[in-house]
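Reading through the structure tokens given below for one structure.
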Amino acid sequence: MEDVMSKVNEYKDIYSQLKKRLRWKVSDSRSLMMVPSLYVTNERAFDLDRFVEISD
């Protein structure tokens, strides 16, 4: 159960970072929700600056 909660917390953390940084660029929150789910399910480390640089 702890593993699930840690994944949920990681998802929420990534989502809040993205929302704070990209709120004016992305109007559909479902797109923002997809990104953290991919990172969490693939167990990848998330780096916001790297993600923004690649996506630009």
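Residue numbering restarts at 1 in every chain; chains get A, B, ... in the order shown in the structure tokens, and ligands count up from 1 in that same order.
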*asked:* What parts of chain A does DSSP call alpha helix (DSSP H)? I'd like the answer as a PyMOL selection string.
replied: chain A and resi 2-22+29-41+48-55
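Of the listed residues A:Trp24, A:Ser6, A:Lys12, A:Gln17, the one whose atoms come nearest to Asp47 in chain A is A:Gln17, with distances taken using only C-alpha atoms.
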*asked:* My list of candidates is A:Leu48, A:Ile54, A:Val26, A:Val40. Which is closest to Asp3 in chain A when distances are computed with only C-alpha atoms?
replied: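 Closest candidate: A:Val40.
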Any idea what's packed within 7 Å of Leu18 in chain A, counting only C-alpha atoms, ignoring anything in its chain fewer than 4 positions away? Could you give it as a CSV table (one decimal) with all heavy atoms, in the first residue's frame?
```csv
chain,number,residue,atom,x,y,z
A,14,ILE,N,4.5,15.8,-9.8
A,14,ILE,CA,4.9,16.1,-11.1
A,14,ILE,C,3.8,16.9,-11.8
A,14,ILE,O,4.0,17.9,-12.5
A,14,ILE,CB,5.1,14.8,-11.9
A,14,ILE,CG1,6.3,14.1,-11.4
A,14,ILE,CG2,5.2,15.1,-13.4
A,14,ILE,CD1,6.5,12.7,-12.0
A,22,LEU,N,3.3,25.4,-16.9
A,22,LEU,CA,2.8,25.3,-18.3
A,22,LEU,C,1.3,25.8,-18.3
A,22,LEU,O,0.6,25.5,-19.3
A,22,LEU,CB,2.9,23.9,-18.9
A,22,LEU,CG,4.3,23.4,-19.0
A,22,LEU,CD1,4.2,21.9,-19.5
A,22,LEU,CD2,5.1,24.2,-19.9
A,32,LEU,N,-1.9,17.5,-19.4
A,32,LEU,CA,-1.0,17.6,-18.3
A,32,LEU,C,-1.0,16.3,-17.4
A,32,LEU,O,0.0,15.9,-16.9
A,32,LEU,CB,-1.3,18.8,-17.5
A,32,LEU,CG,-0.9,20.2,-18.1
A,32,LEU,CD1,-1.2,21.3,-17.1
A,32,LEU,CD2,0.6,20.2,-18.4
```
*CA of Arg23 in chain A and CA of Ala45 in chain A, how far apart in Å?*
21.6 Å
*Residues near Tyr15 in chain A, cut-off 10 Å, only C-alpha atoms, skip fewer than 6 positions along chain, as a ChimeraX atom specification*: /A:9,21,29,32-37
_Nearest to Asp56 in chain A, chosen from A:Lys7, A:Lys20, A:Lys25, A:Arg30, with only C-alpha atoms counted in the distances_ =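 With only C-alpha atoms as the atom set, the closest residue is A:Lys25.
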*For each of A:Asp13, A:Val4, A:Ser55, A:Lys19, take the minimum atom-to-atom distance to Thr41 in chain A, counting only C-alpha atoms, then give the residue where this is smallest.*
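For Thr41 in chain A, the nearest of the given residues is A:Val4.
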